[in-house]
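See structure below.
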Amino acid sequence: AKENSQPQQKVTATPKTIKIFPNEKVWLKALNLDNNKTVEYLTNNPKTLIGPNWYVKFGHGNITINYGNQTINPQTKKIIRILFKNGKVEYLKKPNRYEK
């Protein structure tokens, strides 16, 4: 048996869900990066995306997103694109590899 001599680091667990709370009606299209399935909504209601790895495009940024212990408030009228991957959040510009 091989021993792990690395000191144990407290790793933040990868979030299992992304919770989206629209402040006004929002269109969103989400691509699950683990199974390549997409979902699309036009909603005022909170939505939960199950799974840790998503690429999400929103019609505007007047929303609040909970991803693990992070709260994201883009607060913009512009289209936003966010990559949620392995607990990290990254804003992407268009074009990107997730948009066909």
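The way I read the labels, and the way they are meant: chains A, B, ... in the order of the structure tokens, residue 1 as the first residue of every chain, and ligand 1 as the first ligand shown, with later ones counted on from there.
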
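Using only C-alpha atoms, the protein and nucleic acid residues lying no more than 10 Å from Thr14 (chain A), apart from those fewer than 6 places from it along its own chain, are A:Gly51, A:Pro52, A:Asn53, A:Tyr67, A:Gly68, A:Asn69, A:Lys85, A:Asn86, A:Gly87, A:Lys88.
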
May I have the selected residues written with C-alpha atoms, as a PDB file, in the first residue's frame?
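File produced: selection_20.pdb:
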ATOM      1  CA  GLY A  51     -24.855  18.401 -10.959  1.00  0.00           C
ATOM      2  CA  PRO A  52     -21.623  20.330 -10.421  1.00  0.00           C
ATOM      3  CA  ASN A  53     -20.541  21.141 -13.981  1.00  0.00           C
ATOM      4  CA  TYR A  67     -23.133  27.634  -6.184  1.00  0.00           C
ATOM      5  CA  GLY A  68     -21.713  25.921  -3.141  1.00  0.00           C
ATOM      6  CA  ASN A  69     -20.696  28.633  -0.704  1.00  0.00           C
ATOM      7  CA  LYS A  85     -16.915  23.635 -13.198  1.00  0.00           C
ATOM      8  CA  ASN A  86     -15.423  21.722 -10.281  1.00  0.00           C
ATOM      9  CA  GLY A  87     -16.503  24.386  -7.798  1.00  0.00           C
ATOM     10  CA  LYS A  88     -15.095  27.276  -9.860  1.00  0.00           C
TER      11      LYS A  88
END

Q. Skipping near chain neighbours, those fewer than 5 positions away, what residues fall within 6 Å of Trp27 (chain A) using only C-alpha atoms, listed as number ranges by chain?
A. A: 41-42, 58-59

Would you mind exporting the chosen residues as a short mmCIF file (atom, residue, chain, number, x, y, z; two decimals), in the first residue's frame, restricted to N, CA, C and O atoms?
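Saved file again-v1.cif follows:
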data_model
loop_
_atom_site.label_atom_id
_atom_site.label_comp_id
_atom_site.auth_asym_id
_atom_site.auth_seq_id
_atom_site.Cartn_x
_atom_site.Cartn_y
_atom_site.Cartn_z
N TYR A 41 -35.12 27.43 -20.13
CA TYR A 41 -36.25 27.94 -19.36
C TYR A 41 -36.46 29.41 -19.67
O TYR A 41 -35.51 30.14 -19.93
N LEU A 42 -37.71 29.83 -19.57
CA LEU A 42 -38.07 31.25 -19.50
C LEU A 42 -38.92 31.33 -18.24
O LEU A 42 -40.04 30.80 -18.21
N PHE A 58 -27.46 33.22 -19.83
CA PHE A 58 -28.64 33.92 -19.34
C PHE A 58 -28.97 35.09 -20.25
O PHE A 58 -28.06 35.75 -20.74
N GLY A 59 -30.25 35.38 -20.41
CA GLY A 59 -30.67 36.52 -21.22
C GLY A 59 -30.29 37.84 -20.60
O GLY A 59 -30.14 38.85 -21.28
#

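Distance annotation: of A:Leu92, A:Ile82, A:Ile20, A:Ala13, the residue with the minimal separation from Val56 (chain A) is A:Ile82; atom set is only C-alpha atoms.
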
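Of the listed residues (A:Lys25, A:Lys57, A:Lys19, A:Lys47), A:Lys57 comes nearest to Tyr98 (chain A); the distances count only C-alpha atoms.
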
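Between Thr64 (chain A) and the residues A:Thr38, A:Asn96, A:Asn32, A:Thr76, the shortest atom-to-atom distance, using only C-alpha atoms, involves A:Thr76.
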
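For Trp54 (chain A), the list of residues within 10 Å, based on only C-alpha atoms and with local chain neighbours fewer than 4 positions off taken out, reads Thr17, Ile18, Ala30, Leu31, Asn32, Leu33, Asp34, Asn35, Asn36, Lys37, Thr38, Leu49, Ile50, Ile82, Leu83, Phe84, Lys85, Asn86, Val89 and Tyr98 of chain A.
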
Q: Please give the complete set of residues from chain A that DSSP, run on the backbone, assigns to strand (DSSP E), formatted as a VMD selection string.
A: chain A and resid 17 to 22 26 to 32 38 to 43 47 to 50 54 to 58 63 to 67 70 to 72 80 to 85 88 to 91

Please produce an output containing N, CA and C atoms for each residue in the selection, written as a CSV table (one decimal), in the first residue's frame.
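Dumped everything to again.csv:
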chain,number,residue,atom,x,y,z
A,17,THR,N,-25.2,21.2,-6.8
A,17,THR,CA,-26.3,21.9,-7.5
A,17,THR,C,-25.9,23.4,-7.7
A,18,ILE,N,-26.7,24.0,-8.7
A,18,ILE,CA,-26.6,25.4,-8.9
A,18,ILE,C,-28.0,25.9,-8.7
A,19,LYS,N,-28.2,26.9,-7.8
A,19,LYS,CA,-29.5,27.4,-7.6
A,19,LYS,C,-29.6,28.8,-8.2
A,20,ILE,N,-30.6,29.0,-9.0
A,20,ILE,CA,-30.8,30.3,-9.7
A,20,ILE,C,-32.0,31.0,-9.3
A,21,PHE,N,-31.9,32.2,-8.9
A,21,PHE,CA,-33.1,33.0,-8.4
A,21,PHE,C,-33.2,34.2,-9.2
A,22,PRO,N,-34.2,34.2,-10.2
A,22,PRO,CA,-34.4,35.4,-11.0
A,22,PRO,C,-35.0,36.6,-10.2
A,26,VAL,N,-36.4,35.6,-16.7
A,26,VAL,CA,-35.2,35.4,-17.3
A,26,VAL,C,-35.2,34.2,-18.2
A,27,TRP,N,-34.5,34.3,-19.4
A,27,TRP,CA,-34.3,33.2,-20.2
A,27,TRP,C,-33.0,32.6,-19.9
A,28,LEU,N,-32.9,31.3,-19.8
A,28,LEU,CA,-31.6,30.7,-19.6
A,28,LEU,C,-31.5,29.3,-20.4
A,29,LYS,N,-30.3,29.1,-20.8
A,29,LYS,CA,-30.1,27.8,-21.5
A,29,LYS,C,-28.8,27.2,-20.8
A,30,ALA,N,-29.0,26.0,-20.3
A,30,ALA,CA,-27.9,25.4,-19.5
A,30,ALA,C,-27.5,24.1,-20.2
A,31,LEU,N,-26.2,23.9,-20.3
A,31,LEU,CA,-25.6,22.7,-20.8
A,31,LEU,C,-24.9,21.9,-19.7
A,32,ASN,N,-25.3,20.7,-19.4
A,32,ASN,CA,-24.7,19.9,-18.4
A,32,ASN,C,-23.4,19.3,-19.0
A,38,THR,N,-29.0,19.5,-22.6
A,38,THR,CA,-29.3,20.9,-22.3
A,38,THR,C,-30.7,21.1,-21.8
A,39,VAL,N,-30.9,22.1,-21.0
A,39,VAL,CA,-32.3,22.5,-20.6
A,39,VAL,C,-32.4,24.0,-20.9
A,40,GLU,N,-33.6,24.4,-21.1
A,40,GLU,CA,-33.9,25.8,-21.5
A,40,GLU,C,-35.2,26.2,-20.7
A,41,TYR,N,-35.1,27.4,-20.1
A,41,TYR,CA,-36.2,27.9,-19.4
A,41,TYR,C,-36.5,29.4,-19.7
A,42,LEU,N,-37.7,29.8,-19.6
A,42,LEU,CA,-38.1,31.2,-19.5
A,42,LEU,C,-38.9,31.3,-18.2
A,43,THR,N,-38.4,31.9,-17.2
A,43,THR,CA,-39.0,31.8,-15.9
A,43,THR,C,-38.8,32.9,-15.0
A,47,LYS,N,-34.8,28.1,-10.1
A,47,LYS,CA,-34.5,26.8,-10.7
A,47,LYS,C,-33.2,26.2,-10.1
A,48,THR,N,-33.2,24.9,-10.0
A,48,THR,CA,-32.0,24.2,-9.5
A,48,THR,C,-31.5,23.3,-10.6
A,49,LEU,N,-30.2,23.5,-10.9
A,49,LEU,CA,-29.6,22.6,-11.9
A,49,LEU,C,-28.8,21.5,-11.0
A,50,ILE,N,-29.1,20.3,-11.3
A,50,ILE,CA,-28.5,19.2,-10.5
A,50,ILE,C,-27.2,18.8,-11.2
A,54,TRP,N,-21.7,22.9,-15.2
A,54,TRP,CA,-22.7,23.4,-16.2
A,54,TRP,C,-22.1,24.6,-16.9
A,55,TYR,N,-22.5,24.8,-18.1
A,55,TYR,CA,-22.3,26.1,-18.8
A,55,TYR,C,-23.7,26.7,-19.0
A,56,VAL,N,-23.9,27.9,-18.5
A,56,VAL,CA,-25.2,28.5,-18.5
A,56,VAL,C,-25.1,29.9,-19.2
A,57,LYS,N,-26.1,30.1,-20.1
A,57,LYS,CA,-26.2,31.4,-20.8
A,57,LYS,C,-27.5,32.0,-20.3
A,58,PHE,N,-27.5,33.2,-19.8
A,58,PHE,CA,-28.6,33.9,-19.3
A,58,PHE,C,-29.0,35.1,-20.2
A,63,ILE,N,-30.1,38.4,-11.7
A,63,ILE,CA,-30.4,37.2,-11.0
A,63,ILE,C,-29.4,37.0,-9.8
A,64,THR,N,-29.7,36.0,-9.0
A,64,THR,CA,-28.8,35.6,-7.9
A,64,THR,C,-28.6,34.1,-8.1
A,65,ILE,N,-27.3,33.7,-8.0
A,65,ILE,CA,-27.0,32.3,-8.2
A,65,ILE,C,-26.2,31.8,-7.0
A,66,ASN,N,-26.6,30.7,-6.4
A,66,ASN,CA,-25.9,30.1,-5.3
A,66,ASN,C,-25.2,28.8,-5.9
A,67,TYR,N,-23.9,28.8,-5.7
A,67,TYR,CA,-23.1,27.6,-6.2
A,67,TYR,C,-22.2,27.3,-5.1
A,70,GLN,N,-20.7,30.0,-2.7
A,70,GLN,CA,-20.6,31.3,-3.5
A,70,GLN,C,-21.9,31.8,-3.8
A,71,THR,N,-22.1,33.1,-3.7
A,71,THR,CA,-23.3,33.8,-4.2
A,71,THR,C,-22.8,34.8,-5.3
A,72,ILE,N,-23.5,34.6,-6.5
A,72,ILE,CA,-23.1,35.4,-7.7
A,72,ILE,C,-24.3,36.3,-8.0
A,80,ILE,N,-25.3,37.1,-20.2
A,80,ILE,CA,-24.1,36.6,-19.5
A,80,ILE,C,-23.9,35.2,-19.7
A,81,ARG,N,-22.7,34.7,-19.7
A,81,ARG,CA,-22.4,33.3,-19.9
A,81,ARG,C,-21.4,32.9,-18.7
A,82,ILE,N,-21.8,31.9,-18.0
A,82,ILE,CA,-21.1,31.5,-16.9
A,82,ILE,C,-20.8,30.0,-16.9
A,83,LEU,N,-19.5,29.7,-16.7
A,83,LEU,CA,-19.1,28.3,-16.6
A,83,LEU,C,-18.9,27.9,-15.1
A,84,PHE,N,-19.7,26.9,-14.7
A,84,PHE,CA,-19.6,26.3,-13.4
A,84,PHE,C,-18.9,25.0,-13.5
A,85,LYS,N,-17.6,24.9,-13.0
A,85,LYS,CA,-16.9,23.6,-13.2
A,85,LYS,C,-16.0,23.3,-12.0
A,88,LYS,N,-15.6,26.0,-9.4
A,88,LYS,CA,-15.1,27.3,-9.9
A,88,LYS,C,-16.1,27.9,-10.7
A,89,VAL,N,-16.1,29.2,-10.7
A,89,VAL,CA,-17.1,30.0,-11.5
A,89,VAL,C,-16.3,30.9,-12.5
A,90,GLU,N,-16.6,30.9,-13.7
A,90,GLU,CA,-15.9,31.7,-14.7
A,90,GLU,C,-16.8,32.3,-15.7
A,91,TYR,N,-16.7,33.6,-15.9
A,91,TYR,CA,-17.5,34.3,-16.9
A,91,TYR,C,-16.8,34.1,-18.2

Q. From the list A:Glu24, A:Gly61, A:Glu99, A:Pro15, which residue is nearest Asn45 (chain A) when using only C-alpha atoms?
A. A:Glu24
